[in-house]
$ cat query_38.txt   # compact mmCIF, C-alpha atoms
# COMPACT_ATOMS: atom_id res chain seq x y z
CA ARG A 1 109.09 82.22 128.09
CA ASP A 2 105.44 81.21 128.08
CA PRO A 3 103.01 83.13 125.81
CA ASP A 4 101.14 84.50 128.85
CA SER A 5 104.29 85.84 130.52
CA SER A 6 104.88 89.59 130.60
CA ALA A 7 107.59 91.15 128.46
CA VAL A 8 109.83 91.65 131.49
CA ALA A 9 109.72 87.90 132.19
CA SER A 10 111.79 87.17 129.13
CA SER A 11 115.33 86.16 129.98
CA ALA A 12 116.47 87.40 126.54
CA ARG A 13 116.09 91.17 126.13
CA VAL A 14 117.30 91.19 122.51
CA ILE A 15 114.23 92.10 120.49
CA ASP A 16 115.75 91.73 117.00
CA TRP A 17 118.09 89.00 115.86
CA ARG A 18 118.40 87.38 112.47
CA ILE A 19 120.63 85.51 110.07
CA ASP A 20 120.42 86.33 106.35
CA LEU A 21 121.57 84.02 103.60
CA ALA A 22 121.53 86.37 100.63
CA LYS A 23 123.95 85.13 97.98
CA TRP A 24 121.48 85.85 95.15
CA ASP A 25 119.24 88.90 94.70
CA TRP A 26 116.40 86.77 93.34
CA GLY A 27 116.17 84.59 96.45
CA GLY A 28 117.49 84.51 99.99
CA LEU A 29 116.59 83.11 103.39
CA ARG A 30 116.14 84.93 106.70
CA VAL A 31 115.89 83.14 110.05
CA GLY A 32 115.42 84.87 113.39
CA GLN A 33 113.17 87.37 115.14
CA TRP A 34 112.22 90.71 113.59
CA LYS A 35 109.29 92.91 112.62
CA ILE A 36 107.61 90.93 109.86
CA ASP A 37 107.81 92.58 106.45
CA MET A 38 104.07 93.20 106.21
CA ASN A 39 103.45 96.96 106.18
CA ARG A 40 105.72 99.96 105.86
CA GLU A 41 104.47 102.02 108.82
CA ARG A 42 105.40 99.36 111.37
CA VAL A 43 108.65 98.23 109.77
CA ASP A 44 109.84 101.85 109.53
CA SER A 45 112.09 102.43 112.54
CA SER A 46 110.74 104.65 115.33
CA GLY A 47 113.75 106.88 114.65
CA ARG A 48 112.73 107.31 111.00
CA GLN A 49 109.16 108.52 111.52
CA GLN A 50 107.51 111.61 110.06
CA PHE A 51 105.48 112.24 113.23
CA VAL A 52 106.19 111.80 116.93
CA GLU A 53 104.47 108.39 116.84
CA ARG A 54 102.84 106.00 114.40
CA SER A 55 99.15 106.41 113.55
CA ILE A 56 96.21 105.01 115.52
CA VAL A 57 96.11 102.20 112.93
CA ASN A 58 99.29 100.62 114.29
CA ARG A 59 97.94 99.15 117.55
CA VAL A 60 95.13 97.24 115.85
CA PHE A 61 96.84 95.95 112.72
CA THR A 62 100.55 95.52 113.44
CA ILE A 63 101.96 91.96 113.32
CA ASP A 64 105.15 93.19 114.97
CA ARG A 65 108.02 90.87 115.85
CA GLN A 66 107.78 87.11 115.37
CA VAL A 67 110.20 84.20 115.41
CA GLY A 68 110.38 82.38 112.11
CA VAL A 69 111.84 81.84 108.67
CA GLN A 70 111.27 83.81 105.48
CA LEU A 71 112.06 83.47 101.79
CA ARG A 72 112.71 86.88 100.23
CA GLY A 73 114.03 88.22 96.97
CA HIS A 74 114.36 91.06 94.48
CA LEU A 75 113.36 90.34 90.87
CA PHE A 76 113.69 92.27 87.59
CA LYS A 77 115.82 94.98 89.21
CA GLU A 78 115.81 98.46 87.70
CA THR A 79 113.04 97.67 85.23
CA ARG A 80 109.34 98.57 85.17
CA ALA A 81 108.65 95.09 86.56
CA ASP A 82 110.96 95.58 89.58
CA LEU A 83 109.51 93.36 92.36
CA ARG A 84 110.30 92.42 95.94
CA TYR A 85 108.63 89.41 97.57
CA TYR A 86 108.49 88.06 101.14
CA ILE A 87 107.00 84.67 102.11
CA GLY A 88 107.37 83.37 105.67
CA ALA A 89 106.26 81.02 108.44
CA PHE A 90 106.39 82.22 112.07
CA ASN A 91 105.47 81.16 115.58
CA GLY A 92 102.49 83.53 115.62
CA GLU A 93 102.78 84.46 119.29
CA GLY A 94 105.25 87.30 119.24
CA ARG A 95 108.80 87.90 120.31
CA GLY A 96 110.78 85.74 122.71
CA VAL A 97 107.91 83.28 123.00
CA ARG A 98 107.84 79.54 122.43
CA ASN A 99 105.01 78.17 120.32
CA ILE A 100 102.65 76.20 122.57
CA ASP A 101 101.05 74.20 119.74
CA GLU A 102 101.58 73.25 116.11
CA ASP A 103 99.75 76.27 114.68
CA MET A 104 101.89 78.74 112.77
CA MET A 105 101.54 82.19 111.27
CA TYR A 106 101.94 82.42 107.49
CA SER A 107 102.53 85.76 105.79
CA GLY A 108 103.40 87.18 102.39
CA ARG A 109 104.11 90.55 100.80
CA LEU A 110 104.55 91.50 97.13
CA GLN A 111 105.99 94.95 96.41
CA TRP A 112 106.09 96.49 92.94
CA ASN A 113 108.65 99.28 92.50
CA PHE A 114 106.76 100.67 89.52
CA MET A 115 109.44 103.16 88.48
CA GLY A 116 112.26 100.63 88.60
CA ARG A 117 113.83 102.11 91.73
CA ASP A 118 113.79 100.74 95.26
CA LEU A 119 112.24 102.79 98.07
CA ALA A 120 113.95 102.67 101.48
CA TRP A 121 111.94 101.78 104.62
CA ARG A 122 111.92 105.27 106.15
CA GLN A 123 109.54 108.21 106.16
CA THR A 124 109.91 111.78 104.77
CA ASP A 125 112.15 112.71 101.84
CA VAL A 126 114.88 114.42 103.81
CA GLU A 127 117.35 112.76 101.40
CA TYR A 128 115.77 114.78 98.52
CA THR A 129 115.19 111.91 96.07
CA ASP A 130 116.36 113.12 92.63
CA LYS A 131 114.19 110.78 90.58
CA PRO A 132 110.52 109.90 91.27
CA THR A 133 110.48 106.66 93.24
CA GLY A 134 107.43 104.72 94.35
CA SER A 135 106.08 101.36 95.38
CA LEU A 136 102.74 99.58 95.48
CA ALA A 137 102.42 96.57 97.78
CA LEU A 138 99.93 93.93 98.85
CA GLY A 139 100.32 91.74 101.94
CA GLY A 140 98.46 89.08 103.84
CA MET A 141 98.65 86.92 106.96
CA THR A 142 96.76 84.03 108.54
CA THR A 143 97.19 82.30 111.90
CA ASN A 144 95.38 80.33 114.62
CA GLY A 145 96.09 80.97 118.28
CA PRO A 146 95.22 82.87 121.49
CA CYS A 147 96.20 86.33 120.13
CA THR A 148 94.03 89.02 118.54
CA ARG A 149 96.79 91.65 118.43
CA TRP A 150 100.58 91.90 118.75
CA SER A 151 103.04 94.50 119.98
CA SER A 152 106.66 94.82 121.11
CA SER A 153 105.53 92.95 124.23
CA ALA A 154 104.32 90.03 122.07
CA CYS A 155 100.83 88.49 122.20
CA GLY A 156 97.81 90.51 123.37
CA ASN A 157 94.11 91.10 122.86
CA LEU A 158 91.94 93.79 121.29
CA ASP A 159 89.10 95.31 123.32
CA GLY A 160 86.20 92.91 123.70
CA PHE A 161 88.23 89.77 122.98
CA THR A 162 89.46 87.18 125.48
CA SER A 163 92.93 87.75 126.89
CA PRO A 164 95.57 85.26 125.69
CA ILE A 165 96.17 84.37 129.35
CA VAL A 166 92.80 82.61 129.52
CA ALA A 167 92.04 82.01 125.82
CA GLU A 168 92.26 78.52 124.36
CA SER A 169 95.40 77.83 122.32
CA ASP A 170 93.49 77.90 119.00
CA GLN A 171 90.52 80.07 119.99
CA PHE A 172 91.06 82.75 117.33
CA LYS A 173 91.58 82.48 113.62
CA VAL A 174 93.05 85.79 112.48
CA GLU A 175 93.38 86.81 108.84
CA GLN A 176 94.71 90.17 107.63
CA THR A 177 95.26 91.96 104.34
CA VAL A 178 96.97 95.27 103.57
CA GLN A 179 97.29 97.48 100.52
CA GLU A 180 100.12 100.02 100.60
CA PHE A 181 101.41 102.90 98.48
CA ALA A 182 104.55 105.01 98.96
CA PHE A 183 106.20 107.71 96.86
CA LYS A 184 109.10 110.18 97.14
CA TYR A 185 110.39 112.92 94.86
CA ARG A 186 112.42 116.07 95.55
CA GLY A 187 111.26 116.67 99.10
CA LEU A 188 107.74 115.31 98.61
CA SER A 189 106.74 112.11 100.42
CA ILE A 190 103.43 110.25 100.32
CA GLN A 191 102.54 107.12 102.28
CA GLN A 192 99.23 105.27 102.51
CA GLU A 193 97.88 101.95 103.87
CA TYR A 194 94.48 100.28 103.94
CA HIS A 195 93.93 97.32 106.30
CA ARG A 196 91.32 94.60 106.76
CA LYS A 197 91.38 92.17 109.67
CA PHE A 198 89.06 89.20 110.19
CA ILE A 199 88.85 87.53 113.60
CA THR A 200 86.91 84.30 114.08
CA ASP A 201 86.28 83.38 117.73
CA ARG A 202 85.74 79.61 117.78
CA VAL A 203 84.54 79.63 121.40
CA VAL A 204 81.99 82.46 121.12
CA GLY A 205 81.12 81.56 117.53
CA SER A 206 81.58 85.04 116.04
CA LYS A 207 83.41 86.58 113.12
CA ASN A 208 84.48 90.22 113.22
CA ASP A 209 85.70 92.44 110.38
CA LEU A 210 88.00 95.32 111.37
CA THR A 211 88.96 98.11 108.97
CA GLY A 212 91.57 100.84 109.17
CA GLY A 213 93.87 103.00 107.15
CA TYR A 214 95.87 106.20 106.95
CA PHE A 215 97.22 108.70 104.44
CA GLN A 216 100.13 110.99 105.18
CA THR A 217 102.23 113.41 103.20
CA GLY A 218 105.08 115.80 103.82
CA TYR A 219 106.98 118.42 101.85
CA PHE A 220 110.05 120.65 102.16
CA PHE A 221 108.56 123.95 100.94
CA ASN A 222 112.01 125.47 100.50
CA ASN A 223 111.89 123.80 97.08
CA LEU A 224 109.13 126.26 96.10
CA ILE A 225 109.71 129.24 98.40
CA ALA A 226 113.31 130.24 99.06
CA ALA A 227 112.32 132.11 102.24
CA VAL A 228 111.25 128.84 103.92
CA PRO A 229 114.18 127.32 105.86
CA ALA A 230 115.66 124.28 104.09
CA PRO A 231 115.64 121.99 107.18
CA LEU A 232 111.88 122.49 107.73
CA GLU A 233 109.33 119.90 106.62
CA LEU A 234 105.56 120.27 107.03
CA ALA A 235 103.39 117.14 107.12
CA ALA A 236 99.78 116.02 107.54
CA ARG A 237 98.09 112.70 108.31
CA TYR A 238 94.57 111.30 108.42
CA ALA A 239 93.84 107.88 109.96
CA PHE A 240 90.77 105.89 110.96
CA VAL A 241 89.96 102.60 112.69
CA GLU A 242 86.63 100.78 112.82
CA GLU A 243 86.30 97.81 115.20
CA PRO A 244 82.76 96.38 115.04
CA ASN A 245 81.80 93.44 117.26
CA GLU A 246 79.37 90.99 115.70
CA VAL A 247 78.10 89.45 118.97
CA ASP A 248 77.70 92.54 121.13
CA ARG A 249 77.29 95.87 119.31
CA THR A 250 78.08 97.72 122.55
CA LEU A 251 81.70 96.75 121.95
CA ASP A 252 81.91 98.79 118.73
CA ASN A 253 84.82 101.18 118.53
CA GLU A 254 85.35 103.92 115.91
CA ARG A 255 88.24 106.39 115.93
CA GLU A 256 89.71 109.07 113.68
CA GLU A 257 92.97 111.01 113.75
CA TYR A 258 93.84 114.34 112.09
CA THR A 259 97.48 115.33 112.64
CA LEU A 260 99.69 118.20 111.45
CA ALA A 261 103.44 118.19 112.02
CA ALA A 262 106.55 120.30 111.58
CA ASN A 263 109.98 118.68 111.43
CA TRP A 264 113.32 120.44 111.73
CA PHE A 265 116.20 118.24 110.60
CA PHE A 266 119.55 119.22 112.12
CA SER A 267 121.25 116.12 110.67
CA GLY A 268 118.68 114.05 108.82
CA HIS A 269 116.79 111.53 110.94
CA ASN A 270 119.79 111.23 113.27
CA ASN A 271 119.06 114.60 114.86
CA LYS A 272 115.61 116.14 114.43
CA LEU A 273 112.95 118.10 116.27
CA THR A 274 109.27 117.21 115.71
CA LEU A 275 106.19 119.16 116.78
CA ASP A 276 102.80 117.65 115.97
CA TYR A 277 99.20 118.57 116.74
CA SER A 278 96.31 116.08 116.57
CA TYR A 279 92.55 116.24 116.67
CA LEU A 280 91.22 112.84 117.76
CA THR A 281 87.65 111.54 117.75
CA LEU A 282 86.41 108.51 119.67
CA ASP A 283 83.15 106.60 119.66
CA ASP A 284 83.91 103.75 122.06
CA ARG A 285 80.86 101.79 123.13
CA PHE A 286 83.13 99.29 124.94
CA ALA A 287 84.23 102.05 127.32
CA GLY A 288 80.81 103.74 127.13
CA MET A 289 82.09 107.05 125.83
CA SER A 290 81.97 109.29 122.79
CA ASP A 291 84.42 112.15 122.80
CA ASN A 292 86.98 114.19 120.93
CA GLY A 293 90.17 115.81 122.03
CA LYS A 294 93.28 117.71 121.04
CA ARG A 295 96.88 116.61 121.54
CA ILE A 296 100.17 118.43 121.08
CA ARG A 297 103.57 116.75 121.29
CA LEU A 298 107.16 117.94 121.01
CA GLN A 299 110.04 115.50 120.56
CA TRP A 300 113.76 115.84 120.05
CA ASP A 301 115.04 112.61 118.50
CA VAL A 302 118.76 111.86 118.48
CA SER A 303 120.23 108.63 117.13
CA PHE A 304 123.86 107.55 117.14

$ encode --input "query_38.txt" --output "structure tokens"
Amino acid sequence: RDPDSSAVASSARVIDWRIDLAKWDWGGLRVGQWKIDMNRERVDSSGRQQFVERSIVNRVFTIDRQVGVQLRGHLFKETRADLRYYIGAFNGEGRGVRNIDEDMMYSGRLQWNFMGRDLAWRQTDVEYTDKPTGSLALGGMTTNGPCTRWSSSACGNLDGFTSPIVAESDQFKVEQTVQEFAFKYRGLSIQQEYHRKFITDRVVGSKNDLTGGYFQTGYFFNNLIAAVPAPLELAARYAFVEEPNEVDRTLDNEREEYTLAANWFFSGHNNKLTLDYSYLTLDDRFAGMSDNGKRIRLQWDVSF
């Protein structure tokens, strides 16, 4: 389908497909369409989340699904130098979309498992990790094209930027970096990301610097207090996004999220009940409003 077509216009409804050539741990090849291995929060499955939904950071900074090829490997396994790396080239215009020009998206991620143990791509420590396990990762991406954001519906635009439907094929140069930390140990889970995103608009002649990040943690307090039910996890998250616009300051957008959650795991992530409460602040000059609000959500998540 064309890059400006809606998601429902795609004749192929398969959103993930890939072929892995992984004979050696130190180096393998992946070809297909999947959520790029850039940051943990987005790659974590929606059925393996600690809260009802991802943080407010996700919409602005996710790279989401792309079509491409990636070199990936696992080096120095089970040592203090345990590393995973991901280097890829992609179409840059999202899922199910043909590339309309020769521009590509290039991305990379380096993950250090600093305790010599690999950390699975899923949130909470419902598995009760016996040994402390953590990772520190850095990632980056660069691309030229009509997109300023991506989602499960492919190419899109952030507020204040030209829609990809009318944008020139190479109007935006987008560069992103992410720093990430994750840790699990005996019911305790910690996850953190810090993002920077630089958008150069070649038509308008502007360069914008977007910043965002989150910190979240959860714990099964039954490990400390026997009276607390074993299936219950309590969690908290803070997130922020700052979207300044260099050309027109009235397009500035600043948001914060404070969320508390309670999870009850009937059968791990395959059967769980999540209740979360959020306090959200918004200073959106693009929409001409400054406000705050409260949100409460209840979700029963069953996977099979």

$ residues_around --input "query_38.txt" --residues "segment 202-204 of chain A" --least-positions-apart "4" --cutoff "12 Å" --atoms "all atoms listed in the file" --output "number ranges by chain"
A: 144-146, 160-162, 166-174, 208, 245-248

$ residues_near_point --input "query_38.txt" --point "(113.5, 86.9, 95.1)" --cutoff "8 Å" --atoms "all atoms listed in the file" --output "list of chain:residue names"
A:Asp25, A:Trp26, A:Gly27, A:Gly28, A:Leu71, A:Arg72, A:Gly73, A:His74, A:Leu75, A:Arg84, A:Tyr85, A:Tyr86

$ closest_residue --input "query_38.txt" --among "A:Gly96, A:Pro164, A:Gly134, A:Gly68" --to "Thr148 of chain A" --atoms "all atoms listed in the file"
A:Pro164

$ closest_residue --input "query_38.txt" --among "A:Gln70, A:Gln216, A:Ser189, A:Ser206" --to "Tyr106 of chain A" --atoms "only C-alpha atoms"
A:Gln70

$ closest_residue --input "query_38.txt" --among "A:Ile165, A:Ile56, A:Ala182, A:His269" --to "Thr281 of chain A" --atoms "all atoms listed in the file"
A:Ile56

$ closest_residue --input "query_38.txt" --among "A:Val60, A:Ala120, A:Leu273, A:Val241" --to "Cys147 of chain A" --atoms "only C-alpha atoms"
A:Val60

$ atom_distance --input "query_38.txt" --atom1 "atom CA of Phe90 of chain A" --atom2 "atom CA of Gly108 of chain A"
11.3 Å

$ atom_distance --input "query_38.txt" --atom1 "atom CA of Gln192 of chain A" --atom2 "atom CA of Asp20 of chain A"
28.7 Å

$ atom_distance --input "query_38.txt" --atom1 "atom CA of Ser153 of chain A" --atom2 "atom CA of Gln66 of chain A"
10.8 Å

$ closest_residue --input "query_38.txt" --among "A:Asn223, A:Ser290, A:Asn253, A:Ser135" --to "Asn113 of chain A" --atoms "only C-alpha atoms"
A:Ser135

$ residues_around --input "query_38.txt" --residues "Met38 of chain A" --least-positions-apart "2" --cutoff "9 Å" --atoms "all atoms listed in the file" --output "PyMOL selection string"
chain A and resi 35-36+40+42-43+62-64+86+107-109+138-141+178

$ closest_residue --input "query_38.txt" --among "A:Asp103, A:Phe61, A:Gly218, A:Pro244" --to "Arg196 of chain A" --atoms "only C-alpha atoms"
A:Phe61

$ residues_around --input "query_38.txt" --residues "Leu298 of chain A" --least-positions-apart "6" --cutoff "7 Å" --atoms "all atoms listed in the file" --output "JSON, numbers by chain"
{"A": [274, 275, 276]}

$ residues_around --input "query_38.txt" --residues "segment 233-235 of chain A" --least-positions-apart "2" --cutoff "6 Å" --atoms "all atoms listed in the file" --output "PyMOL selection string"
chain A and resi 217-220+260-263

$ residues_around --input "query_38.txt" --residues "Arg149 of chain A" --least-positions-apart "4" --cutoff "7 Å" --atoms "all atoms listed in the file" --output "list in words"
Val60, Cys155, Gly156, Asn157 and Leu158 of chain A

$ write_last_selection --input "query_38.txt" --atoms "C-alpha atoms" --output "CSV table (one decimal), keeping the file's coordinate frame"
chain,number,residue,atom,x,y,z
A,60,VAL,CA,95.1,97.2,115.8
A,155,CYS,CA,100.8,88.5,122.2
A,156,GLY,CA,97.8,90.5,123.4
A,157,ASN,CA,94.1,91.1,122.9
A,158,LEU,CA,91.9,93.8,121.3

$ build_atoms --input "query_38.txt" --residues "segment 183-198 of chain A" --atoms "N, CA, C and O atoms" --output "PDB file, in the coordinates of the input"
ATOM      1  N   PHE A 183     105.609 106.948  97.954  1.00  0.00           N
ATOM      2  CA  PHE A 183     106.200 107.710  96.860  1.00  0.00           C
ATOM      3  C   PHE A 183     107.076 108.824  97.429  1.00  0.00           C
ATOM      4  O   PHE A 183     106.725 109.455  98.431  1.00  0.00           O
ATOM      5  N   LYS A 184     108.222 109.078  96.757  1.00  0.00           N
ATOM      6  CA  LYS A 184     109.100 110.180  97.140  1.00  0.00           C
ATOM      7  C   LYS A 184     109.671 110.858  95.890  1.00  0.00           C
ATOM      8  O   LYS A 184     110.012 110.179  94.919  1.00  0.00           O
ATOM      9  N   TYR A 185     109.784 112.189  95.978  1.00  0.00           N
ATOM     10  CA  TYR A 185     110.390 112.920  94.860  1.00  0.00           C
ATOM     11  C   TYR A 185     110.681 114.358  95.284  1.00  0.00           C
ATOM     12  O   TYR A 185     109.776 115.118  95.624  1.00  0.00           O
ATOM     13  N   ARG A 186     111.960 114.707  95.314  1.00  0.00           N
ATOM     14  CA  ARG A 186     112.420 116.070  95.550  1.00  0.00           C
ATOM     15  C   ARG A 186     111.735 116.749  96.735  1.00  0.00           C
ATOM     16  O   ARG A 186     111.146 117.818  96.622  1.00  0.00           O
ATOM     17  N   GLY A 187     111.792 116.097  97.876  1.00  0.00           N
ATOM     18  CA  GLY A 187     111.260 116.670  99.100  1.00  0.00           C
ATOM     19  C   GLY A 187     109.807 116.335  99.383  1.00  0.00           C
ATOM     20  O   GLY A 187     109.305 116.621 100.470  1.00  0.00           O
ATOM     21  N   LEU A 188     109.131 115.725  98.417  1.00  0.00           N
ATOM     22  CA  LEU A 188     107.740 115.310  98.610  1.00  0.00           C
ATOM     23  C   LEU A 188     107.703 113.837  99.005  1.00  0.00           C
ATOM     24  O   LEU A 188     108.355 113.005  98.381  1.00  0.00           O
ATOM     25  N   SER A 189     106.925 113.516 100.035  1.00  0.00           N
ATOM     26  CA  SER A 189     106.740 112.110 100.420  1.00  0.00           C
ATOM     27  C   SER A 189     105.259 111.845 100.633  1.00  0.00           C
ATOM     28  O   SER A 189     104.538 112.679 101.194  1.00  0.00           O
ATOM     29  N   ILE A 190     104.824 110.678 100.164  1.00  0.00           N
ATOM     30  CA  ILE A 190     103.430 110.250 100.320  1.00  0.00           C
ATOM     31  C   ILE A 190     103.460 108.801 100.798  1.00  0.00           C
ATOM     32  O   ILE A 190     104.257 107.985 100.302  1.00  0.00           O
ATOM     33  N   GLN A 191     102.612 108.484 101.746  1.00  0.00           N
ATOM     34  CA  GLN A 191     102.540 107.120 102.280  1.00  0.00           C
ATOM     35  C   GLN A 191     101.105 106.814 102.658  1.00  0.00           C
ATOM     36  O   GLN A 191     100.433 107.636 103.294  1.00  0.00           O
ATOM     37  N   GLN A 192     100.632 105.619 102.272  1.00  0.00           N
ATOM     38  CA  GLN A 192      99.230 105.270 102.510  1.00  0.00           C
ATOM     39  C   GLN A 192      99.108 103.759 102.729  1.00  0.00           C
ATOM     40  O   GLN A 192      99.820 102.963 102.114  1.00  0.00           O
ATOM     41  N   GLU A 193      98.189 103.370 103.643  1.00  0.00           N
ATOM     42  CA  GLU A 193      97.880 101.950 103.870  1.00  0.00           C
ATOM     43  C   GLU A 193      96.388 101.779 104.121  1.00  0.00           C
ATOM     44  O   GLU A 193      95.757 102.654 104.723  1.00  0.00           O
ATOM     45  N   TYR A 194      95.862 100.640 103.672  1.00  0.00           N
ATOM     46  CA  TYR A 194      94.480 100.280 103.940  1.00  0.00           C
ATOM     47  C   TYR A 194      94.458  98.840 104.446  1.00  0.00           C
ATOM     48  O   TYR A 194      94.979  97.940 103.770  1.00  0.00           O
ATOM     49  N   HIS A 195      93.885  98.618 105.634  1.00  0.00           N
ATOM     50  CA  HIS A 195      93.930  97.320 106.300  1.00  0.00           C
ATOM     51  C   HIS A 195      92.546  96.714 106.460  1.00  0.00           C
ATOM     52  O   HIS A 195      91.569  97.423 106.726  1.00  0.00           O
ATOM     53  N   ARG A 196      92.491  95.391 106.364  1.00  0.00           N
ATOM     54  CA  ARG A 196      91.320  94.600 106.760  1.00  0.00           C
ATOM     55  C   ARG A 196      91.807  93.481 107.675  1.00  0.00           C
ATOM     56  O   ARG A 196      92.862  92.879 107.433  1.00  0.00           O
ATOM     57  N   LYS A 197      91.017  93.212 108.719  1.00  0.00           N
ATOM     58  CA  LYS A 197      91.380  92.170 109.670  1.00  0.00           C
ATOM     59  C   LYS A 197      90.126  91.385 110.039  1.00  0.00           C
ATOM     60  O   LYS A 197      89.119  91.969 110.438  1.00  0.00           O
ATOM     61  N   PHE A 198      90.198  90.067 109.904  1.00  0.00           N
ATOM     62  CA  PHE A 198      89.060  89.200 110.190  1.00  0.00           C
ATOM     63  C   PHE A 198      89.423  88.296 111.370  1.00  0.00           C
ATOM     64  O   PHE A 198      90.441  87.596 111.337  1.00  0.00           O
TER      65      PHE A 198
END
